[in-house]
file input_5.tsv (TSV, C-alpha atoms)
chain	number	residue	atom	x	y	z
A	1	MET	CA	0.00	0.00	0.00
A	2	VAL	CA	1.30	3.43	-0.92
A	3	GLN	CA	1.20	5.65	2.15
A	4	PRO	CA	-0.39	9.11	1.65
A	5	ALA	CA	1.81	12.07	2.43
A	6	TRP	CA	1.25	13.66	5.82
A	7	ASP	CA	0.16	16.96	4.27
A	8	ASP	CA	-1.76	15.45	1.35
A	9	VAL	CA	-4.73	13.74	2.95
A	10	GLU	CA	-8.41	14.30	2.31
A	11	PRO	CA	-10.97	14.41	5.10
A	12	LEU	CA	-13.32	11.54	5.82
A	13	ALA	CA	-12.10	8.97	3.29
A	14	VAL	CA	-10.93	5.96	5.31
A	15	GLY	CA	-8.07	5.25	2.92
A	16	SER	CA	-6.73	8.78	3.26
A	17	ALA	CA	-5.73	8.38	6.92
A	18	PRO	CA	-1.91	8.42	7.25
A	19	VAL	CA	-1.42	4.82	8.35
A	20	PRO	CA	1.68	4.12	10.51
A	21	GLU	CA	4.76	2.68	8.81
A	22	TYR	CA	4.24	-0.86	10.06
A	23	GLY	CA	7.03	-3.18	8.97
A	24	SER	CA	9.59	-0.51	8.17
A	25	GLY	CA	9.40	2.49	10.49
A	26	SER	CA	7.06	1.97	13.44
A	27	LEU	CA	7.76	1.42	17.13
A	28	ALA	CA	7.05	-2.27	16.61
A	29	ASP	CA	10.05	-2.48	14.28
A	30	LEU	CA	12.64	-1.11	16.70
A	31	LEU	CA	13.48	-3.96	19.08
A	32	PRO	CA	13.38	-6.69	16.39
A	33	THR	CA	15.92	-4.66	14.40
A	34	LEU	CA	18.20	-4.24	17.43
A	35	ALA	CA	17.83	-7.90	18.40
A	36	ALA	CA	18.57	-9.04	14.86
A	37	GLY	CA	21.82	-7.08	15.07
A	38	MET	CA	22.69	-9.10	18.18
A	39	ALA	CA	21.96	-12.39	16.37
A	40	VAL	CA	18.77	-13.22	18.29
A	41	PRO	CA	17.05	-16.03	16.36
A	42	GLY	CA	13.81	-15.17	14.59
A	43	MET	CA	14.36	-11.41	14.64
A	44	ARG	CA	14.26	-9.37	11.42
A	45	ALA	CA	16.07	-6.08	10.82
A	46	ALA	CA	12.99	-4.17	9.68
A	47	MET	CA	14.91	-0.88	9.75
A	48	PRO	CA	18.16	-1.49	7.86
A	49	GLU	CA	19.18	2.14	8.41
A	50	LEU	CA	20.06	1.23	12.01
A	51	THR	CA	23.64	-0.03	12.43
A	52	ALA	CA	24.04	-3.09	14.64
A	53	ALA	CA	25.62	-2.73	18.08
A	54	ASP	CA	26.59	-5.26	20.74
A	55	ARG	CA	24.94	-3.24	23.50
A	56	ASN	CA	21.64	-1.46	22.93
A	57	CYS	CA	19.66	0.77	25.27
A	58	VAL	CA	16.19	2.12	24.54
A	59	PHE	CA	15.13	5.12	26.64
A	60	LEU	CA	11.40	5.70	26.16
A	61	ILE	CA	10.12	9.13	27.24
A	62	ASP	CA	6.36	8.91	27.63
A	63	GLY	CA	4.56	11.61	25.65
A	64	LEU	CA	7.50	13.30	23.91
A	65	GLY	CA	6.50	13.53	20.26
A	66	TRP	CA	8.75	14.55	17.39
A	67	GLU	CA	6.93	17.81	16.79
A	68	GLN	CA	7.01	18.83	20.46
A	69	LEU	CA	10.74	18.16	20.63
A	70	LYS	CA	11.46	20.15	17.47
A	71	ALA	CA	9.38	23.06	18.79
A	72	HIS	CA	11.36	23.41	22.05
A	73	PRO	CA	15.10	23.62	21.31
A	74	ALA	CA	15.77	25.94	24.26
A	75	GLU	CA	14.30	23.48	26.76
A	76	ALA	CA	15.97	20.42	25.23
A	77	PRO	CA	19.36	21.50	23.85
A	78	PHE	CA	20.97	18.07	24.10
A	79	MET	CA	18.18	16.15	22.38
A	80	THR	CA	17.87	18.94	19.81
A	81	SER	CA	21.53	18.42	18.95
A	82	LEU	CA	20.67	14.79	18.18
A	83	LEU	CA	17.76	15.43	15.80
A	84	ASP	CA	19.84	14.68	12.72
A	85	SER	CA	20.79	11.31	14.23
A	86	SER	CA	17.17	10.17	14.35
A	87	ARG	CA	16.32	6.90	12.63
A	88	GLY	CA	19.82	5.88	11.74
A	89	GLY	CA	21.05	9.31	10.69
A	90	THR	CA	18.23	9.95	8.24
A	91	GLY	CA	16.86	12.73	10.45
A	92	ARG	CA	13.39	11.16	10.23
A	93	PRO	CA	10.98	10.14	12.98
A	94	LEU	CA	9.26	6.83	13.64
A	95	THR	CA	5.51	6.30	13.66
A	96	ALA	CA	3.97	5.13	16.91
A	97	GLY	CA	1.19	2.89	15.59
A	98	TYR	CA	-2.57	3.25	15.93
A	99	PRO	CA	-3.85	4.24	18.34
A	100	ALA	CA	-1.00	6.45	19.53
A	101	THR	CA	-1.48	5.69	23.20
A	102	THR	CA	0.71	4.29	25.96
A	103	ALA	CA	-0.64	0.77	26.46
A	104	THR	CA	-0.74	0.09	22.73
A	105	SER	CA	2.69	1.59	22.05
A	106	LEU	CA	4.47	-0.12	24.94
A	107	ALA	CA	3.06	-3.45	23.78
A	108	SER	CA	4.28	-2.70	20.25
A	109	VAL	CA	7.74	-1.82	21.52
A	110	GLY	CA	8.11	-4.84	23.76
A	111	THR	CA	6.60	-7.52	21.54
A	112	GLY	CA	7.84	-6.15	18.23
A	113	LEU	CA	4.31	-6.65	16.89
A	114	PRO	CA	1.67	-4.20	15.63
A	115	PRO	CA	-1.57	-3.74	17.61
A	116	GLY	CA	-3.55	-6.13	15.43
A	117	ALA	CA	-1.27	-8.94	16.57
A	118	HIS	CA	-0.41	-8.14	20.19
A	119	GLY	CA	-4.05	-7.26	20.85
A	120	LEU	CA	-3.93	-4.07	22.90
A	121	PRO	CA	-5.84	-1.88	20.42
A	122	GLY	CA	-6.58	1.12	22.62
A	123	TYR	CA	-6.78	2.77	26.01
A	124	THR	CA	-9.99	0.85	26.67
A	125	ALA	CA	-11.36	-1.97	24.55
A	126	ARG	CA	-14.20	-4.46	24.82
A	127	ASP	CA	-13.39	-7.92	26.10
A	128	PRO	CA	-15.42	-10.17	23.77
A	129	ALA	CA	-15.52	-12.88	26.44
A	130	THR	CA	-17.33	-10.68	28.98
A	131	GLY	CA	-18.77	-7.80	26.96
A	132	GLU	CA	-17.11	-5.36	29.38
A	133	LEU	CA	-14.75	-2.52	28.64
A	134	MET	CA	-11.20	-3.29	29.73
A	135	ASN	CA	-8.74	-0.55	30.60
A	136	GLN	CA	-5.52	-1.89	29.10
A	137	LEU	CA	-3.29	0.59	30.90
A	138	ARG	CA	-4.62	-0.18	34.38
A	139	TRP	CA	-5.74	-3.73	33.50
A	140	GLN	CA	-9.23	-3.29	34.94
A	141	PRO	CA	-11.24	-5.44	35.18
A	142	TRP	CA	-8.73	-8.22	35.62
A	143	THR	CA	-8.21	-10.73	32.83
A	144	ASP	CA	-5.48	-13.30	32.32
A	145	PRO	CA	-2.54	-11.37	30.86
A	146	ARG	CA	-1.14	-14.33	28.92
A	147	ALA	CA	-4.50	-15.10	27.34
A	148	TRP	CA	-4.90	-11.44	26.37
A	149	GLN	CA	-1.38	-11.16	24.89
A	150	PRO	CA	0.12	-14.63	24.24
A	151	TYR	CA	3.23	-13.72	22.23
A	152	PRO	CA	6.73	-13.67	23.79
A	153	THR	CA	8.40	-10.31	24.17
A	154	VAL	CA	11.61	-9.44	22.36
A	155	PHE	CA	13.23	-9.21	25.79
A	156	GLN	CA	12.30	-12.82	26.52
A	157	LEU	CA	13.63	-14.00	23.16
A	158	ALA	CA	16.86	-12.04	23.65
A	159	ASP	CA	17.32	-13.39	27.16
A	160	ALA	CA	16.83	-16.95	25.88
A	161	ALA	CA	19.51	-16.26	23.25
A	162	GLY	CA	22.06	-15.31	25.89
A	163	VAL	CA	21.74	-11.52	25.65
A	164	HIS	CA	21.98	-9.70	28.98
A	165	THR	CA	18.52	-8.19	29.22
A	166	ALA	CA	17.18	-5.68	31.74
A	167	GLN	CA	14.43	-3.13	32.34
A	168	VAL	CA	15.12	-0.11	34.57
A	169	SER	CA	11.98	1.77	35.57
A	170	SER	CA	9.84	2.87	38.49
A	171	PRO	CA	9.34	0.13	41.09
A	172	HIS	CA	5.60	0.68	40.67
A	173	PHE	CA	5.68	-0.99	37.25
A	174	GLN	CA	7.53	-4.16	38.21
A	175	ASN	CA	4.54	-6.48	38.64
A	176	THR	CA	1.87	-4.78	36.56
A	177	PRO	CA	0.08	-6.91	33.95
A	178	LEU	CA	1.09	-4.46	31.21
A	179	THR	CA	4.75	-4.94	32.12
A	180	LYS	CA	4.30	-8.71	32.10
A	181	VAL	CA	2.74	-8.87	28.65
A	182	ALA	CA	4.82	-6.13	27.00
A	183	LEU	CA	8.19	-5.70	28.70
A	184	SER	CA	9.08	-8.83	30.67
A	185	GLY	CA	12.25	-10.82	30.12
A	186	GLY	CA	15.62	-10.73	31.84
A	187	THR	CA	15.69	-8.74	35.07
A	188	PHE	CA	13.65	-5.77	36.29
A	189	HIS	CA	15.38	-3.06	38.34
A	190	GLY	CA	13.18	-0.55	40.10
A	191	ARG	CA	14.58	2.91	40.82
A	192	LEU	CA	12.62	5.97	41.90
A	193	SER	CA	14.74	8.84	40.65
A	194	GLY	CA	15.51	9.53	37.03
A	195	GLU	CA	19.19	9.94	37.79
A	196	ASP	CA	19.36	6.52	39.44
A	197	ARG	CA	17.68	4.97	36.42
A	198	MET	CA	20.19	6.48	34.03
A	199	ASP	CA	23.15	5.35	36.12
A	200	LEU	CA	21.81	1.83	36.50
A	201	ALA	CA	20.89	1.57	32.81
A	202	ALA	CA	24.50	2.34	31.95
A	203	GLU	CA	25.69	-0.28	34.43
A	204	GLN	CA	23.36	-2.88	32.99
A	205	LEU	CA	24.56	-2.13	29.48
A	206	ALA	CA	28.11	-2.86	30.57
A	207	ALA	CA	27.10	-6.08	32.35
A	208	GLY	CA	27.15	-8.24	29.21
A	209	ASP	CA	29.09	-8.60	26.00
A	210	ARG	CA	25.68	-8.37	24.34
A	211	SER	CA	23.11	-6.31	26.24
A	212	LEU	CA	19.57	-5.08	25.67
A	213	VAL	CA	18.40	-2.52	28.23
A	214	TYR	CA	15.13	-0.58	28.43
A	215	THR	CA	14.46	2.43	30.63
A	216	TYR	CA	11.47	4.72	30.93
A	217	TYR	CA	10.34	8.12	32.19
A	218	ALA	CA	6.65	9.04	32.56
A	219	GLU	CA	6.27	12.60	33.79
A	220	VAL	CA	6.54	14.45	30.48
A	221	ASP	CA	3.27	12.73	29.59
A	222	GLY	CA	1.78	13.32	33.03
A	223	LYS	CA	2.40	17.06	32.99
A	224	GLY	CA	1.15	17.30	29.41
A	225	HIS	CA	-2.15	15.66	30.26
A	226	ARG	CA	-2.69	17.81	33.33
A	227	TYR	CA	-1.37	21.19	32.22
A	228	GLY	CA	-0.82	20.98	28.47
A	229	VAL	CA	2.26	20.90	26.28
A	230	GLU	CA	2.56	24.69	26.32
A	231	SER	CA	2.65	24.90	30.12
A	232	ASP	CA	5.60	25.81	32.29
A	233	ALA	CA	5.17	22.49	34.11
A	234	TRP	CA	5.56	20.56	30.86
A	235	ARG	CA	8.54	22.64	29.76
A	236	GLY	CA	10.19	22.01	33.12
A	237	GLN	CA	9.83	18.26	32.64
A	238	LEU	CA	11.31	18.52	29.16
A	239	MET	CA	14.31	20.37	30.57
A	240	TYR	CA	14.75	17.71	33.24
A	241	VAL	CA	14.50	14.73	30.89
A	242	ASP	CA	16.93	16.40	28.48
A	243	ARG	CA	19.50	16.35	31.28
A	244	LEU	CA	18.70	12.69	31.95
A	245	VAL	CA	19.35	11.77	28.32
A	246	GLN	CA	22.70	13.55	28.42
A	247	ARG	CA	23.58	11.88	31.72
A	248	LEU	CA	22.97	8.43	30.23
A	249	ALA	CA	24.72	9.26	26.96
A	250	GLU	CA	27.87	10.32	28.78
A	251	GLN	CA	28.07	6.98	30.61
A	252	LEU	CA	27.67	4.58	27.69
A	253	PRO	CA	30.14	1.68	27.83
A	254	PRO	CA	32.07	0.74	24.68
A	255	ARG	CA	30.23	-0.78	21.70
A	256	SER	CA	26.90	0.72	22.80
A	257	ALA	CA	24.01	2.44	21.05
A	258	LEU	CA	21.46	4.54	22.92
A	259	TYR	CA	18.09	5.12	21.27
A	260	VAL	CA	15.79	7.79	22.70
A	261	THR	CA	12.18	7.46	21.61
A	262	ALA	CA	8.59	7.93	22.80
A	263	ASP	CA	5.23	6.21	22.74
A	264	HIS	CA	3.25	9.10	21.24
A	265	GLY	CA	3.12	12.86	20.87
A	266	MET	CA	0.46	15.17	22.31
A	267	LEU	CA	-1.61	18.25	21.55
A	268	ASP	CA	-3.64	20.64	23.68
A	269	VAL	CA	-7.36	20.76	22.91
A	270	PRO	CA	-9.39	23.89	23.83
A	271	PHE	CA	-12.16	23.65	26.40
A	272	ASP	CA	-15.22	24.58	24.36
A	273	GLU	CA	-18.11	22.80	22.67
A	274	GLN	CA	-16.57	23.10	19.22
A	275	HIS	CA	-13.44	21.21	20.22
A	276	ARG	CA	-14.88	18.87	22.88
A	277	ILE	CA	-17.93	16.95	21.70
A	278	ASP	CA	-19.60	15.39	24.73
A	279	PHE	CA	-20.89	11.90	23.97
A	280	ASP	CA	-22.88	11.90	27.21
A	281	GLU	CA	-24.78	15.00	26.07
A	282	ASP	CA	-25.24	14.08	22.39
A	283	TRP	CA	-28.27	11.89	21.77
A	284	GLU	CA	-27.38	11.31	18.13
A	285	LEU	CA	-23.95	9.87	18.93
A	286	ARG	CA	-25.38	7.77	21.77
A	287	ALA	CA	-28.15	6.20	19.68
A	288	GLY	CA	-27.56	2.49	19.21
A	289	VAL	CA	-24.27	2.51	21.13
A	290	ALA	CA	-23.78	-0.14	23.81
A	291	LEU	CA	-20.23	0.80	24.86
A	292	LEU	CA	-17.88	3.70	24.20
A	293	GLY	CA	-14.22	2.70	24.29
A	294	GLY	CA	-10.83	4.07	23.38
A	295	GLU	CA	-10.14	7.71	24.24
A	296	GLY	CA	-11.10	11.16	23.03
A	297	ARG	CA	-9.08	11.17	19.82
A	298	ALA	CA	-9.24	7.44	19.06
A	299	ARG	CA	-12.65	5.99	19.80
A	300	HIS	CA	-13.88	2.41	19.66
A	301	VAL	CA	-17.68	2.41	19.38
A	302	TYR	CA	-19.49	-0.83	20.16
A	303	ALA	CA	-23.01	-0.93	18.79
A	304	VAL	CA	-26.11	-2.66	20.04
A	305	PRO	CA	-26.38	-5.86	17.96
A	306	GLY	CA	-28.09	-5.05	14.69
A	307	ALA	CA	-27.39	-1.31	14.92
A	308	GLU	CA	-23.85	-1.35	13.53
A	309	ALA	CA	-24.66	0.16	10.13
A	310	ASP	CA	-26.87	2.87	11.61
A	311	VAL	CA	-24.26	3.86	14.18
A	312	LEU	CA	-21.60	4.08	11.49
A	313	ALA	CA	-23.82	6.26	9.31
A	314	VAL	CA	-24.72	8.62	12.15
A	315	TRP	CA	-21.16	9.00	13.40
A	316	ARG	CA	-20.01	9.84	9.88
A	317	GLU	CA	-22.77	12.38	9.45
A	318	VAL	CA	-22.38	14.06	12.85
A	319	LEU	CA	-18.59	14.22	12.90
A	320	GLY	CA	-18.34	15.62	9.40
A	321	GLU	CA	-14.79	16.37	8.33
A	322	GLN	CA	-13.23	16.27	11.79
A	323	PHE	CA	-12.67	12.52	12.12
A	324	TRP	CA	-11.79	9.58	9.96
A	325	VAL	CA	-14.70	7.27	10.73
A	326	ALA	CA	-14.52	3.62	9.69
A	327	GLY	CA	-16.39	0.42	10.26
A	328	ARG	CA	-14.32	-2.34	11.84
A	329	ASP	CA	-13.74	-4.17	8.56
A	330	GLU	CA	-12.79	-0.92	6.83
A	331	ALA	CA	-10.26	0.03	9.51
A	332	VAL	CA	-8.74	-3.45	9.41
A	333	ALA	CA	-8.56	-3.48	5.61
A	334	ALA	CA	-6.97	-0.03	5.60
A	335	GLY	CA	-4.20	-1.31	7.87
A	336	TRP	CA	-4.89	0.99	10.82
A	337	PHE	CA	-3.92	-1.73	13.32
A	338	GLY	CA	-1.23	-3.35	11.20
A	339	PRO	CA	-1.00	-5.53	8.10
A	340	SER	CA	-3.40	-8.05	9.64
A	341	VAL	CA	-5.49	-8.54	12.76
A	342	ASP	CA	-5.53	-11.80	14.74
A	343	ASP	CA	-8.92	-13.45	15.12
A	344	ARG	CA	-8.78	-13.11	18.90
A	345	VAL	CA	-8.33	-9.34	18.51
A	346	LEU	CA	-11.12	-8.56	16.03
A	347	GLY	CA	-13.87	-8.36	18.65
A	348	ARG	CA	-11.82	-5.92	20.72
A	349	ILE	CA	-11.93	-3.38	17.89
A	350	GLY	CA	-15.02	-1.18	17.76
A	351	ASP	CA	-17.85	-1.75	15.32
A	352	VAL	CA	-17.05	1.87	14.49
A	353	VAL	CA	-13.57	3.37	14.84
A	354	ALA	CA	-13.23	7.18	14.94
A	355	ALA	CA	-9.79	8.80	14.61
A	356	ALA	CA	-9.52	12.58	15.01
A	357	ARG	CA	-8.02	14.63	12.20
A	358	ASP	CA	-8.62	18.09	13.70
A	359	ASP	CA	-7.87	19.38	17.21
A	360	VAL	CA	-11.08	17.91	18.60
A	361	LEU	CA	-12.14	15.30	21.15
A	362	ILE	CA	-15.10	13.06	21.79
A	363	ILE	CA	-15.25	13.32	25.56
A	364	ALA	CA	-17.64	11.53	27.92
A	365	SER	CA	-18.09	13.89	30.85
A	366	GLU	CA	-20.10	11.46	32.98
A	367	ARG	CA	-18.47	8.16	32.08
A	368	GLU	CA	-14.91	9.50	31.94
A	369	PRO	CA	-14.68	12.63	34.10
A	370	LYS	CA	-10.91	12.50	34.63
A	371	GLU	CA	-10.03	11.80	31.02
A	372	SER	CA	-12.51	14.44	29.84
A	373	ALA	CA	-10.72	17.09	31.92
A	374	MET	CA	-7.28	16.52	30.37
A	375	VAL	CA	-5.63	19.48	28.65
A	376	GLY	CA	-3.17	17.48	26.55
A	377	ASN	CA	-4.46	14.55	24.50
A	378	HIS	CA	-3.32	11.98	21.94
A	379	GLY	CA	-4.35	8.79	20.19
A	380	SER	CA	-4.94	9.48	16.52
A	381	MET	CA	-2.86	9.35	13.33
A	382	THR	CA	-1.99	13.03	12.92
A	383	PRO	CA	1.73	13.89	12.83
A	384	VAL	CA	1.68	15.67	16.19
A	385	GLU	CA	0.52	12.45	17.89
A	386	GLN	CA	1.93	9.79	15.63
A	387	LEU	CA	5.51	10.88	14.97
A	388	VAL	CA	8.12	10.07	17.62
A	389	PRO	CA	11.91	10.55	17.67
A	390	LEU	CA	14.53	7.84	17.46
A	391	LEU	CA	17.58	9.81	18.58
A	392	GLU	CA	20.86	7.91	18.60
A	393	VAL	CA	24.11	8.13	20.56
A	394	ARG	CA	26.90	5.61	20.02
A	395	SER	CA	30.12	4.88	21.88
call {"tool": "encode", "arguments": {"input": "input_5.tsv", "output": "structure tokens"}}
result
Amino acid sequence: MVQPAWDDVEPLAVGSAPVPEYGSGSLADLLPTLAAGMAVPGMRAAMPELTAADRNCVFLIDGLGWEQLKAHPAEAPFMTSLLDSSRGGTGRPLTAGYPATTATSLASVGTGLPPGAHGLPGYTARDPATGELMNQLRWQPWTDPRAWQPYPTVFQLADAAGVHTAQVSSPHFQNTPLTKVALSGGTFHGRLSGEDRMDLAAEQLAAGDRSLVYTYYAEVDGKGHRYGVESDAWRGQLMYVDRLVQRLAEQLPPRSALYVTADHGMLDVPFDEQHRIDFDEDWELRAGVALLGGEGRARHVYAVPGAEADVLAVWREVLGEQFWVAGRDEAVAAGWFGPSVDDRVLGRIGDVVAAARDDVLIIASEREPKESAMVGNHGSMTPVEQLVPLLEVRS
């Protein structure tokens, strides 16, 4: 499929949505490429522009999109100096995958699979076995993690191949189901401060002749959601994480490559009725809908049985040119969730899938009061959300 240019898309047509670069330049392609360079069996170098290294570290900064980084050189001088190194020296970003949201992206990173395979297709998705919405970030209500996501992680495959493998993150994440299905393998090291994580990540890199280390920082995303990406609080976090990247880069052991990336970008959405369409107050959008899943810019809509076609028609009519609106089969055929979708995953995808093109949200003020109050948002396929850096430092 020929991908449409980012600035050459038409509204509404399902096929015009700028589908992520699955198989050649998405988050799901990163770890398989690095692992292939370390001779891990079964791994494919999907991004040949990346040069193999014996020791690889991925530092994922939650919420730091390519466009936000480029727009703030004063706050992030070190990362700005690395922009030309992105994606193997091409100076290009990666695409996150759809939807551009944390649970989906972390699963893509860790498994090396697109959402249609790993099966975490959104912030919330329907569990076909129970008919309930499942929050895939918080894993509520509980379901068996291994049944939900049965594939091994790249970390597990690397560890089995004799690569020294480690994750360095907040202790809070050590035993979460999302960590188990997306990032497990090797050893987990919990550290509270960012500085301690950087120091320990460097130590873990040096601990093997071949090493694969992952570390993570969350608060850029947290401040963006709460205060917006134009806030002083967000800028302060960007300044802090820029120093963390430099701290880690300056400690790399020999034969190492550091890759700095993110799970999604973010944009601020104004608080007015034109930009925040309230599902709970809109009888047309509610008609025939049994469950509303996903998040404001990437909705899964589950219809009452028999009402699927009507719901699709109404959502297309009401949302006009602001969203790409697709039926499940259309979204799957267009490759939104990857080249294919596993049978076990199909029922998790909405009967209707709505992806925002403009700076607009479908909030649910009663069902989702906290999410509806967020300043910064993400999820869709627009460049500001979808494009993420892949900055590189080598020793």
call {"tool": "closest_atom_pairs", "arguments": {"input": "input_5.tsv", "of": "segment 307-363 of chain A", "to": "segment 264-282 of chain A", "cutoff": "7 Å", "atoms": "all atoms listed in the file", "output": "tab-separated table"}}
result
residue	atom	partner	partner_atom	distance
A:Asp359	CA	A:Val269	CA	5.9
A:Val360	CA	A:His275	CA	4.4
A:Leu361	CA	A:Arg276	CA	4.8
A:Ile362	CA	A:Ile277	CA	4.8
A:Ile363	CA	A:Asp278	CA	4.9
call {"tool": "atom_distance", "arguments": {"input": "input_5.tsv", "atom1": "atom CA of Val19 of chain A", "atom2": "atom CA of Ala354 of chain A"}}
result
13.7 Å
call {"tool": "closest_residue", "arguments": {"input": "input_5.tsv", "among": "A:Gly110, A:Ala17, A:Pro369, A:Trp142", "to": "Gln322 of chain A", "atoms": "only C-alpha atoms"}}
result
A:Ala17
call {"tool": "closest_residue", "arguments": {"input": "input_5.tsv", "among": "A:Gly194, A:Pro141, A:Pro177, A:Gly224", "to": "Ala125 of chain A", "atoms": "all atoms listed in the file"}}
result
A:Pro141
call {"tool": "residues_near_point", "arguments": {"input": "input_5.tsv", "point": "(21.4, -11.9, 25.2)", "cutoff": "10 Å", "atoms": "only C-alpha atoms", "output": "list in words"}}
result
Ala35, Met38, Ala39, Val40, Asp54, Arg55, Phe155, Gln156, Leu157, Ala158, Asp159, Ala160, Ala161, Gly162, Val163, His164, Thr165, Ala166, Gly186, Gly208, Asp209, Arg210, Ser211 and Leu212 of chain A
call {"tool": "atom_distance", "arguments": {"input": "input_5.tsv", "atom1": "atom CA of Leu252 of chain A", "atom2": "atom CA of Ala202 of chain A"}}
result
5.8 Å
